[in-house]
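Heads up, target.tsv below (TSV, C-alpha atoms):
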```
chain	number	residue	atom	x	y	z
M	214	MET	CA	22.40	130.73	134.24
M	215	ARG	CA	23.23	133.21	131.55
M	216	LEU	CA	24.68	132.10	128.25
M	217	SER	CA	28.04	133.73	128.92
M	218	GLU	CA	28.34	131.92	132.26
M	219	LEU	CA	27.41	128.60	130.64
M	220	THR	CA	30.06	129.14	127.97
M	221	LEU	CA	32.72	129.81	130.59
M	222	LEU	CA	31.69	126.69	132.54
M	223	LEU	CA	31.89	124.48	129.48
M	224	ALA	CA	35.29	125.92	128.61
M	225	ALA	CA	36.53	125.21	132.13
M	226	LEU	CA	35.26	121.62	131.97
M	227	ALA	CA	37.00	121.18	128.62
M	228	CYS	CA	40.27	122.39	130.10
M	229	LEU	CA	39.93	119.90	132.94
M	230	ALA	CA	39.16	117.04	130.54
M	231	ALA	CA	42.12	117.74	128.24
M	232	PRO	CA	44.81	116.43	130.62
M	233	LEU	CA	42.70	113.33	131.26
M	234	ARG	CA	42.50	112.61	127.53
M	235	ALA	CA	46.26	113.22	127.20
M	236	ASP	CA	46.91	110.80	130.07
M	237	ASP	CA	44.66	108.19	128.44
M	238	GLU	CA	46.43	108.57	125.10
M	239	GLU	CA	49.84	108.32	126.75
M	240	ALA	CA	48.78	105.19	128.64
M	241	ALA	CA	47.43	103.65	125.43
M	242	GLU	CA	50.67	104.40	123.60
M	243	ALA	CA	52.72	102.91	126.43
M	244	LYS	CA	50.60	99.76	126.41
M	245	ALA	CA	50.91	99.44	122.63
M	246	ALA	CA	54.68	99.87	122.87
M	247	ALA	CA	54.88	97.23	125.61
M	248	ASN	CA	52.81	94.78	123.55
M	249	ARG	CA	54.94	95.42	120.46
M	250	THR	CA	58.13	94.95	122.46
M	251	GLU	CA	56.86	91.66	123.88
M	252	ALA	CA	55.97	90.42	120.40
M	253	LEU	CA	59.38	91.40	119.04
M	254	LEU	CA	61.18	89.66	121.89
M	255	GLU	CA	59.21	86.50	121.15
M	256	GLU	CA	60.23	86.76	117.49
M	257	ILE	CA	63.85	87.26	118.48
M	258	ASP	CA	63.71	84.14	120.68
M	259	CYS	CA	62.37	82.17	117.73
M	260	TYR	CA	65.08	83.38	115.35
M	261	SER	CA	67.75	82.62	117.95
M	262	LYS	CA	66.50	79.07	118.43
M	263	LYS	CA	66.70	78.48	114.70
M	264	GLY	CA	70.21	79.88	114.65
M	265	GLU	CA	71.16	77.51	117.46
M	266	LEU	CA	69.60	74.62	115.51
M	267	PHE	CA	71.67	75.49	112.43
M	268	PHE	CA	74.79	75.65	114.63
M	269	GLU	CA	74.08	72.17	116.02
M	270	TYR	CA	73.41	70.84	112.50
M	271	LEU	CA	76.97	71.89	111.66
M	272	LYS	CA	78.22	69.77	114.56
M	273	ASN	CA	76.03	66.77	113.65
M	274	ASN	CA	74.51	67.00	117.14
M	275	VAL	CA	70.81	67.31	116.30
M	276	PRO	CA	68.27	64.52	115.83
M	277	ALA	CA	66.58	64.24	112.45
M	278	VAL	CA	63.34	65.68	113.90
M	279	TYR	CA	63.58	68.74	116.16
M	280	LYS	CA	60.57	70.12	118.06
M	281	PHE	CA	60.47	73.41	119.93
M	282	ARG	CA	58.11	76.22	120.92
M	283	CYS	CA	58.30	79.43	118.95
M	284	ALA	CA	56.46	82.74	118.71
M	285	LYS	CA	53.71	81.24	116.54
M	286	GLY	CA	53.40	78.06	118.59
M	287	ARG	CA	55.08	74.69	118.38
M	288	GLU	CA	57.30	74.01	115.38
M	289	THR	CA	58.74	70.78	114.04
M	290	ILE	CA	61.78	70.83	111.76
M	291	THR	CA	62.98	67.71	110.00
M	292	ALA	CA	66.58	67.86	108.82
M	293	PRO	CA	67.12	67.39	105.06
M	294	ALA	CA	68.18	63.83	104.26
M	295	TRP	CA	71.39	64.97	102.56
M	296	LEU	CA	72.60	67.24	105.40
M	297	ALA	CA	74.31	64.79	107.78
M	298	GLY	CA	76.49	63.32	105.05
M	299	GLU	CA	77.40	66.75	103.69
M	300	VAL	CA	78.33	68.08	107.15
M	301	SER	CA	80.52	65.02	107.72
M	302	SER	CA	82.35	65.80	104.48
M	303	MET	CA	82.68	69.48	105.47
M	304	THR	CA	84.10	68.48	108.84
M	305	ALA	CA	86.76	66.40	107.08
M	306	ARG	CA	87.91	69.31	104.89
M	307	GLU	CA	90.71	71.15	106.68
M	308	VAL	CA	91.23	74.92	106.36
M	309	GLN	CA	94.14	77.01	107.65
M	310	LEU	CA	93.03	80.11	109.54
M	311	ASN	CA	95.45	82.32	111.49
M	312	LYS	CA	97.98	79.50	111.75
M	313	GLU	CA	95.26	77.22	113.16
M	314	THR	CA	93.70	74.22	111.49
M	315	TRP	CA	89.95	74.57	111.20
M	316	ASP	CA	87.47	72.71	109.04
M	317	GLU	CA	84.83	73.87	106.59
M	318	ALA	CA	81.93	73.22	108.98
M	319	ARG	CA	83.61	75.26	111.71
M	320	LEU	CA	84.03	78.19	109.33
M	321	TRP	CA	80.26	78.16	108.77
M	322	ARG	CA	79.58	77.92	112.52
M	323	GLU	CA	81.49	81.13	113.19
M	324	PRO	CA	78.90	83.60	111.73
M	325	LEU	CA	76.19	81.78	113.68
M	326	ALA	CA	78.28	82.13	116.84
M	327	ALA	CA	78.65	85.88	116.19
M	328	LEU	CA	74.88	86.25	115.77
M	329	ASP	CA	74.29	84.21	118.94
M	330	GLU	CA	76.65	86.60	120.74
M	331	PHE	CA	74.53	89.51	119.53
M	332	SER	CA	71.33	87.71	120.59
M	333	GLU	CA	72.72	87.34	124.13
M	334	LEU	CA	73.38	91.08	124.22
M	335	VAL	CA	69.81	91.83	123.16
M	336	ARG	CA	68.57	89.49	125.89
M	337	LYS	CA	70.43	91.55	128.52
M	338	THR	CA	68.48	94.68	127.52
M	339	ARG	CA	65.14	93.06	128.28
M	340	PRO	CA	63.20	94.26	131.31
M	341	ALA	CA	63.99	92.25	134.44
M	342	LYS	CA	60.41	90.91	134.55
M	343	ALA	CA	60.97	89.49	131.05
M	344	GLY	CA	64.11	87.62	132.07
M	345	GLY	CA	66.69	90.28	131.16
M	346	LEU	CA	68.94	92.64	133.06
M	347	GLY	CA	67.24	95.83	131.95
M	348	LEU	CA	70.48	97.26	130.56
M	349	PRO	CA	70.13	100.47	128.50
M	350	HIS	CA	70.52	99.80	124.79
M	351	LYS	CA	73.43	102.19	124.47
M	352	PHE	CA	75.22	100.35	127.26
M	353	VAL	CA	75.68	97.28	125.02
M	354	SER	CA	76.92	99.33	122.06
M	355	PRO	CA	80.63	98.40	122.42
M	356	ALA	CA	79.78	94.70	122.70
M	357	CYS	CA	77.50	94.96	119.65
M	358	THR	CA	80.41	96.46	117.72
M	359	ALA	CA	82.56	93.50	118.80
M	360	ALA	CA	79.86	91.09	117.54
M	361	LEU	CA	79.74	92.98	114.23
M	362	THR	CA	83.51	92.71	113.89
M	363	ARG	CA	83.40	88.99	114.63
M	364	LEU	CA	80.67	88.46	112.02
M	365	ASP	CA	82.57	90.52	109.47
M	366	LYS	CA	85.74	88.45	110.00
M	367	ALA	CA	83.77	85.22	109.79
M	368	LEU	CA	82.30	86.20	106.43
M	369	ALA	CA	85.72	87.33	105.20
M	370	ALA	CA	87.09	83.86	105.99
M	371	LEU	CA	84.26	82.18	104.08
M	372	ARG	CA	84.76	84.58	101.19
M	373	ARG	CA	88.47	83.92	101.09
M	374	GLU	CA	87.94	80.14	100.98
M	375	ARG	CA	85.31	80.57	98.23
M	376	LEU	CA	82.78	78.23	99.82
M	377	ALA	CA	79.66	79.07	97.80
M	378	GLY	CA	79.48	75.38	96.87
M	379	SER	CA	79.01	74.26	100.49
M	380	PHE	CA	75.77	72.52	101.49
M	381	GLY	CA	75.45	70.91	98.09
M	382	GLY	CA	75.63	74.26	96.32
M	383	ARG	CA	73.37	76.12	98.77
M	384	GLY	CA	76.29	77.95	100.40
M	385	ASP	CA	75.75	81.05	98.28
M	386	ALA	CA	72.17	81.47	99.58
M	387	VAL	CA	73.25	80.82	103.18
M	388	PHE	CA	76.04	83.37	102.87
M	389	ALA	CA	73.63	85.93	101.40
M	390	SER	CA	71.51	85.71	104.57
M	391	PHE	CA	74.56	86.22	106.78
M	392	SER	CA	75.61	89.17	104.62
M	393	LYS	CA	72.17	90.75	105.13
M	394	ALA	CA	72.54	90.22	108.88
M	395	LEU	CA	75.87	92.07	108.76
M	396	ALA	CA	74.26	94.99	106.91
M	397	GLU	CA	71.39	95.16	109.42
M	398	LEU	CA	73.81	95.00	112.35
M	399	ASP	CA	75.88	97.77	110.81
M	400	ALA	CA	72.76	99.96	110.61
M	401	LEU	CA	71.68	99.16	114.17
M	402	GLU	CA	74.14	101.66	115.62
M	403	LYS	CA	71.89	104.53	114.56
M	404	THR	CA	69.10	103.36	116.88
M	405	TYR	CA	71.00	103.78	120.16
M	406	ASP	CA	70.22	107.49	120.37
M	407	VAL	CA	67.21	107.69	118.04
M	408	GLY	CA	63.86	106.11	118.88
M	409	GLY	CA	62.77	104.07	121.86
M	410	PRO	CA	62.99	100.39	122.80
M	411	VAL	CA	60.57	99.37	120.06
M	412	THR	CA	62.87	100.77	117.37
M	413	PHE	CA	65.87	98.96	118.87
M	414	TYR	CA	64.06	95.60	119.04
M	415	GLU	CA	62.70	96.01	115.51
M	416	LYS	CA	66.24	96.50	114.23
M	417	ALA	CA	67.56	93.64	116.36
M	418	ALA	CA	64.85	91.35	115.02
M	419	ALA	CA	65.81	92.38	111.47
M	420	VAL	CA	69.38	91.24	112.21
M	421	LEU	CA	68.44	87.89	113.73
M	422	ARG	CA	65.69	87.09	111.22
M	423	ASN	CA	68.46	86.23	108.81
M	424	GLN	CA	69.30	83.14	110.89
M	425	GLU	CA	65.87	81.80	110.00
M	426	GLU	CA	66.46	82.62	106.32
M	427	ALA	CA	69.88	80.95	106.39
M	428	LEU	CA	68.32	77.80	107.87
M	429	ALA	CA	65.53	77.89	105.28
M	430	ALA	CA	68.16	77.86	102.50
M	431	LEU	CA	69.05	74.31	103.53
M	432	PHE	CA	65.56	73.14	102.58
M	433	ALA	CA	65.59	74.73	99.12
M	434	ASP	CA	66.42	72.76	96.00
M	435	ALA	CA	70.09	72.72	95.17
M	436	PRO	CA	70.95	75.11	92.31
M	437	ALA	CA	71.31	73.48	88.93
M	438	ARG	CA	74.65	75.23	88.46
M	439	ARG	CA	77.12	76.00	91.22
M	440	PRO	CA	78.82	79.43	91.42
M	441	ASP	CA	82.00	79.65	89.36
M	442	GLY	CA	85.09	79.05	91.46
M	443	GLY	CA	83.08	79.05	94.67
M	444	ALA	CA	82.75	82.86	94.72
M	445	PHE	CA	79.78	84.35	96.58
M	446	SER	CA	77.31	86.60	94.81
M	447	ALA	CA	76.48	88.74	97.90
M	448	GLU	CA	78.86	91.31	99.35
M	449	TYR	CA	78.70	93.77	102.19
M	450	PHE	CA	81.58	95.55	103.91
M	451	PRO	CA	80.74	97.54	107.07
M	452	ALA	CA	82.38	100.83	107.93
M	453	PRO	CA	85.28	100.36	110.38
M	454	ARG	CA	84.88	101.36	114.02
M	455	PRO	CA	87.50	101.84	116.73
M	456	GLN	CA	87.16	99.29	119.51
M	457	ALA	CA	88.39	99.10	123.08
M	458	GLY	CA	92.15	98.81	123.00
M	459	SER	CA	92.57	100.18	119.48
M	460	ARG	CA	94.15	103.51	118.55
M	461	VAL	CA	93.15	106.02	115.87
M	462	VAL	CA	96.32	107.42	114.30
M	463	ALA	CA	96.48	110.31	111.83
M	464	MET	CA	99.15	110.17	109.13
M	465	ALA	CA	99.95	112.53	106.26
M	466	PHE	CA	100.70	111.30	102.73
M	467	PRO	CA	101.11	113.03	99.38
M	468	ALA	CA	97.71	113.45	97.77
M	469	TRP	CA	98.56	111.12	94.88
M	470	HIS	CA	99.05	108.29	97.39
M	471	LEU	CA	95.42	108.66	98.41
M	472	GLU	CA	93.68	108.62	95.03
M	473	GLY	CA	90.78	106.18	95.20
M	474	LEU	CA	91.32	105.47	98.89
M	475	LYS	CA	88.12	105.49	100.96
M	476	ARG	CA	86.75	104.78	104.41
M	477	GLY	CA	86.53	101.05	105.01
M	478	ASP	CA	89.54	100.10	102.86
M	479	ARG	CA	92.32	98.01	104.39
M	480	VAL	CA	95.88	99.13	103.82
M	481	ASP	CA	99.44	97.98	104.44
M	482	ILE	CA	102.11	100.55	105.32
M	483	MET	CA	105.54	100.09	103.73
M	484	ALA	CA	108.57	101.92	105.08
M	485	THR	CA	111.83	102.46	103.19
M	486	GLN	CA	114.95	103.02	105.25
M	487	GLU	CA	118.68	103.17	104.70
M	488	LEU	CA	120.61	100.81	106.96
M	489	ALA	CA	124.29	100.41	107.62
M	490	GLY	CA	125.66	97.15	106.25
M	491	PRO	CA	128.99	95.32	106.81
M	492	GLY	CA	132.01	97.59	106.58
M	493	GLY	CA	129.85	100.71	106.78
M	494	ALA	CA	128.20	100.12	103.40
M	495	LYS	CA	124.72	101.61	103.03
M	496	ASP	CA	121.85	99.27	102.30
M	497	MET	CA	118.33	100.38	101.35
M	498	ILE	CA	115.40	98.16	102.30
M	499	THR	CA	111.62	98.40	102.18
M	500	ALA	CA	109.57	96.52	104.79
M	501	THR	CA	105.85	96.17	105.41
M	502	ILE	CA	105.52	97.35	109.00
M	503	ILE	CA	101.71	97.36	109.33
M	504	GLN	CA	99.21	95.07	107.62
M	505	ALA	CA	95.47	95.35	106.91
M	506	ALA	CA	94.87	98.54	108.90
M	507	PRO	CA	91.26	99.79	108.54
M	508	VAL	CA	90.89	103.27	107.05
M	509	LEU	CA	88.60	105.41	109.20
M	510	TYR	CA	88.89	108.73	107.35
M	511	VAL	CA	90.48	110.18	104.21
M	512	GLY	CA	90.87	113.97	104.05
M	513	LYS	CA	91.40	116.36	101.18
M	514	ALA	CA	94.88	117.60	100.33
M	515	ASN	CA	96.06	120.83	101.93
M	516	ALA	CA	98.06	123.64	100.34
M	517	ASP	CA	101.25	121.57	100.70
M	518	GLY	CA	99.74	118.71	98.71
M	519	LEU	CA	99.41	116.45	101.75
M	520	GLY	CA	96.26	114.52	102.63
M	521	LEU	CA	95.30	113.22	106.06
M	522	VAL	CA	94.46	109.57	106.68
M	523	ARG	CA	93.15	108.23	109.97
M	524	LEU	CA	93.88	104.54	110.56
M	525	ILE	CA	92.63	102.17	113.27
M	526	LEU	CA	95.69	100.46	114.73
M	527	THR	CA	96.70	98.29	117.65
M	528	PRO	CA	98.84	99.99	120.30
M	529	VAL	CA	102.00	98.32	118.93
M	530	GLN	CA	101.12	99.30	115.35
M	531	ALA	CA	100.53	102.88	116.51
M	532	GLN	CA	104.07	102.99	117.91
M	533	TYR	CA	105.58	101.68	114.67
M	534	ALA	CA	103.56	104.23	112.69
M	535	ALA	CA	104.90	107.06	114.86
M	536	LEU	CA	108.48	105.77	114.59
M	537	ALA	CA	108.28	105.34	110.81
M	538	ALA	CA	106.84	108.85	110.38
M	539	VAL	CA	110.04	110.41	111.77
M	540	GLN	CA	112.69	107.83	110.88
M	541	SER	CA	111.67	106.34	107.54
M	542	ARG	CA	112.93	107.92	104.31
M	543	ASP	CA	109.64	107.15	102.58
M	544	LEU	CA	106.23	105.73	103.53
M	545	ARG	CA	103.77	104.15	101.10
M	546	LEU	CA	100.26	102.77	101.39
M	547	ALA	CA	99.19	99.56	99.67
M	548	VAL	CA	95.43	98.91	99.44
M	549	ARG	CA	94.33	95.34	100.05
M	550	ALA	CA	91.58	93.49	98.20
M	551	ASP	CA	88.10	93.55	99.77
M	552	GLY	CA	87.82	91.00	102.55
M	553	ASP	CA	91.59	90.42	102.80
M	554	TYR	CA	92.28	90.99	106.50
M	555	GLU	CA	94.78	88.29	107.40
M	556	PRO	CA	98.44	89.15	108.13
M	557	ARG	CA	101.04	87.37	106.03
M	558	ALA	CA	104.74	86.76	106.27
M	559	ILE	CA	106.30	89.35	103.92
M	560	GLU	CA	110.05	89.40	103.46
M	561	ALA	CA	111.66	92.83	103.39
M	562	ALA	CA	112.65	93.97	99.89
M	563	ASN	CA	116.32	94.57	99.02
M	564	PHE	CA	117.73	94.99	95.51
M	565	LYS	CA	120.78	92.94	96.48
M	566	LYS	CA	118.49	89.91	96.62
M	567	ILE	CA	117.51	90.26	92.95
M	568	ILE	CA	120.55	92.01	91.48
M	569	LYS	CA	123.69	89.88	91.82
```

For this file, produce the structure as structure tokens.
Amino acid sequence: MRLSELTLLLAALACLAAPLRADDEEAAEAKAAANRTEALLEEIDCYSKKGELFFEYLKNNVPAVYKFRCAKGRETITAPAWLAGEVSSMTAREVQLNKETWDEARLWREPLAALDEFSELVRKTRPAKAGGLGLPHKFVSPACTAALTRLDKALAALRRERLAGSFGGRGDAVFASFSKALAELDALEKTYDVGGPVTFYEKAAAVLRNQEEALAALFADAPARRPDGGAFSAEYFPAPRPQAGSRVVAMAFPAWHLEGLKRGDRVDIMATQELAGPGGAKDMITATIIQAAPVLYVGKANADGLGLVRLILTPVQAQYAALAAVQSRDLRLAVRADGDYEPRAIEAANFKKIIK
């Protein structure tokens, strides 16, 4: 065989071998991804079990010694000696939330319940052979947003009650772990369309790992000095997102109304209107018609000096916003403090009430 013929033969063999190598590499990558996914799902199971344990601690339903199987094998957790007495005291402390009577322990159970809700959603995306439903990750996106909103509201309630002194002063560290979980859950949205299953499960594990860290805070030494006034040191406020049933409403305001306003703020809308009083007398009142509406977008002022604001409203709020835009003499925005989401009874303002 001549040299030229041998060269052509070797080149042909190389061309035939290339697809085989590519197939082998693809198969190796798929196997590595499957192994990584399985390991992450085991980690997620472990974090979820520890979150469930913490939840049961807050109900005084768990024996002093708790044994379970986790990703790294069997684990044994012995409850701190001080915990049962502290939880009993927390259960006895009443808190008013949305016209309901809760207790301090229940307030702390709520972020764990939100994370458990998210864990159940992750479980549904597992392959059927791994005990899941095989749902596409993007399919659970709306429900993940609902879990994020629930967690955000739970942390806002804890923040409002200033409970950093809970758990014998360890509440600040526990809250910091929940705040990190909220930040990780807020960032998870970016993985629905970018990256494969491994990326999604890595991000999900990063969210749920904070349950383990929150539980670990109970076993740390109590701080020598409790936070002043019960305020938490950690803060995170996720960007607002429209949910099923909500409405995004655009409203125009003079640019000076919008100075300092940003996405994620919560605002009240106040409407001033002239009403007919007894005997035909005119009476001017100002009423707060919408409370704690999330700001989705703040635009720059146009040539007329008006800036656009997009608010996330309920259907009823959207109707009042539309009515006020055409009927009210003047509309104003009032920015709420961070974490202040709860509606309050606000009496309409009328100068006749203060000027006799």

Q) Which distance in Å separates atom CA of M:Ile559 and atom CA of M:Asp478, to one decimal? A)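 Computing the Euclidean distance for atom CA of M:Ile559 and atom CA of M:Asp478 yields 19.9 Å.
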
Q | Closest of M:Gly477, M:Pro436, M:Gly512, M:Gly518 to M:Tyr554 - atom-to-atom distances counting all atoms listed in the file | A | M:Gly477

Q) M:Leu471, M:Ala241, M:Ala538, M:Met483: which is nearest M:Tyr510, counting only C-alpha atoms? A) M:Leu471

(Q) Between atom CA of M:Lys393 and atom CA of M:Ala294, what is the distance in Å, rounded to a tenth? (A)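 Between atom CA of M:Lys393 and atom CA of M:Ala294 the gap is 27.2 Å.
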
Q: Find the spatial neighbours of M:Glu560, counting all atoms listed in the file, within a cut-off of 10 Å - ignore same-chain residues fewer than 6 positions away - and output them as JSON, numbers by chain.
A: {"M": [499, 500, 501]}

Q) M:Asp316: which residues within 7 Å, counting only C-alpha atoms, same-chain residues fewer than 3 positions away excluded, as a ChimeraX atom specification? A) /M:303-308,319-320

Q: Quick one: everything within 12 Å of M:Ala318, counting only C-alpha atoms, minus sequence neighbours fewer than 4 positions away in the same chain. Send it as a PyMOL selection string.
A: chain M and resi 267-273+296-308+322-325+371+376+379-380+384

So that each row is one residue of stretch 277-385 of chain M with an atom at most 7 Å from stretch 445-462 of chain M, can you give its shortest atom pair and the distance in Å to one decimal, using only C-alpha atoms, rows by chain and rising number, as a Markdown table?
```
| residue | atom | partner | partner_atom | distance |
| --- | --- | --- | --- | --- |
| M:Arg372 | CA | M:Phe445 | CA | 6.8 |
| M:Arg375 | CA | M:Phe445 | CA | 6.9 |
| M:Ala377 | CA | M:Phe445 | CA | 5.4 |
| M:Asp385 | CA | M:Phe445 | CA | 5.5 |
```

Q: Quick one: pull the distance between atom CA of M:Pro410 and atom CA of M:Cys283, Å, one decimal.
A: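 If I compute the distance from atom CA of M:Pro410 to atom CA of M:Cys283, I get 21.8 Å.
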
Q | Residue contacts of M:Ser390 (7 Å, all atoms listed in the file) excluding same-chain residues fewer than 5 positions away, as a list of chain:residue names | A |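 The residues satisfying every condition are M:Asn423, M:Glu426, M:Ala427.
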
Q: Identify, on the basis of all atoms listed in the file, every residue whose closest approach to M:Val548 does not exceed 8 Å; exclude the query and any residue fewer than 6 positions from it along the same chain; express the result as a PyMOL selection string.
A: chain M and resi 474+478-481

Save the residues we just selected, C-alpha atoms, as a PDB file, in the frame of the given file?
```
ATOM      1  CA  LEU M 474      91.320 105.470  98.890  1.00  0.00           C
ATOM      2  CA  ASP M 478      89.540 100.100 102.860  1.00  0.00           C
ATOM      3  CA  ARG M 479      92.320  98.010 104.390  1.00  0.00           C
ATOM      4  CA  VAL M 480      95.880  99.130 103.820  1.00  0.00           C
ATOM      5  CA  ASP M 481      99.440  97.980 104.440  1.00  0.00           C
TER       6      ASP M 481
END
```

Could I get the residues of stretch 375-454 of chain M with an atom no further than 10 Å from an atom of stretch 352-362 of chain M, each paired with its nearest atom pair and that distance in Å to one decimal, using only C-alpha atoms, sorted by chain and residue number, as JSON lines?
```
{"residue": "M:Ala394", "atom": "CA", "partner": "M:Leu361", "partner_atom": "CA", "distance": 9.4}
{"residue": "M:Leu395", "atom": "CA", "partner": "M:Leu361", "partner_atom": "CA", "distance": 6.8}
{"residue": "M:Ala396", "atom": "CA", "partner": "M:Leu361", "partner_atom": "CA", "distance": 9.4}
{"residue": "M:Glu397", "atom": "CA", "partner": "M:Leu361", "partner_atom": "CA", "distance": 9.9}
{"residue": "M:Leu398", "atom": "CA", "partner": "M:Leu361", "partner_atom": "CA", "distance": 6.5}
{"residue": "M:Asp399", "atom": "CA", "partner": "M:Leu361", "partner_atom": "CA", "distance": 7.0}
{"residue": "M:Leu401", "atom": "CA", "partner": "M:Cys357", "partner_atom": "CA", "distance": 9.0}
{"residue": "M:Glu402", "atom": "CA", "partner": "M:Ser354", "partner_atom": "CA", "distance": 7.4}
{"residue": "M:Tyr405", "atom": "CA", "partner": "M:Ser354", "partner_atom": "CA", "distance": 7.6}
{"residue": "M:Pro451", "atom": "CA", "partner": "M:Leu361", "partner_atom": "CA", "distance": 8.5}
{"residue": "M:Pro453", "atom": "CA", "partner": "M:Thr362", "partner_atom": "CA", "distance": 8.6}
{"residue": "M:Arg454", "atom": "CA", "partner": "M:Thr358", "partner_atom": "CA", "distance": 7.6}
```

Q. Looking at M:Met464, M:Ala389, M:Leu431, M:Leu368, which one is nearest to M:Pro293, with distances taken over all atoms listed in the file?
A.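 Among M:Met464, M:Ala389, M:Leu431, M:Leu368, it is M:Leu431 that comes nearest to M:Pro293.
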
Once 6 Å is added on each side, what are the centre and the three edge lengths, in Å to one decimal, of the axis-aligned box enclosing the listed atoms of stretch 342-353 of chain M? Present them as lines of an AutoDock Vina configuration file.
```
center_x = 68.0
center_y = 94.9
center_z = 129.5
size_x = 27.3
size_y = 26.6
size_z = 22.1
```

Q) Given the choices M:Thr289, M:Lys475, M:Glu415, M:Asp543, which gets closest to M:Leu253 if the distance is worked out from only C-alpha atoms? A) M:Glu415

**Q.** Residue among M:Ala252, M:Leu310, M:Ile498, M:Ala468 lying closest to M:Ala418, counting all atoms listed in the file
**A.**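 With all atoms listed in the file as the atom set, the closest residue is M:Ala252.
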
(Q) For a quick check of understanding, using all atoms listed in the file, which of M:Gly552, M:Glu239, M:Ala514, M:Leu526 has the smallest distance to M:Ile482? (A) M:Leu526

Go through stretch 374-470 of chain M residue by residue and, counting only C-alpha atoms, keep those with an atom at most 6 Å from stretch 255-265 of chain M; for each kept residue give the shortest atom pair and its distance in Å to one decimal, ordered by chain and increasing number, as a tab-separated table.
```
residue	atom	partner	partner_atom	distance
M:Ala418	CA	M:Ile257	CA	5.4
M:Leu421	CA	M:Tyr260	CA	5.9
M:Arg422	CA	M:Tyr260	CA	5.6
M:Gln424	CA	M:Gly264	CA	5.1
M:Glu425	CA	M:Tyr260	CA	5.6
```
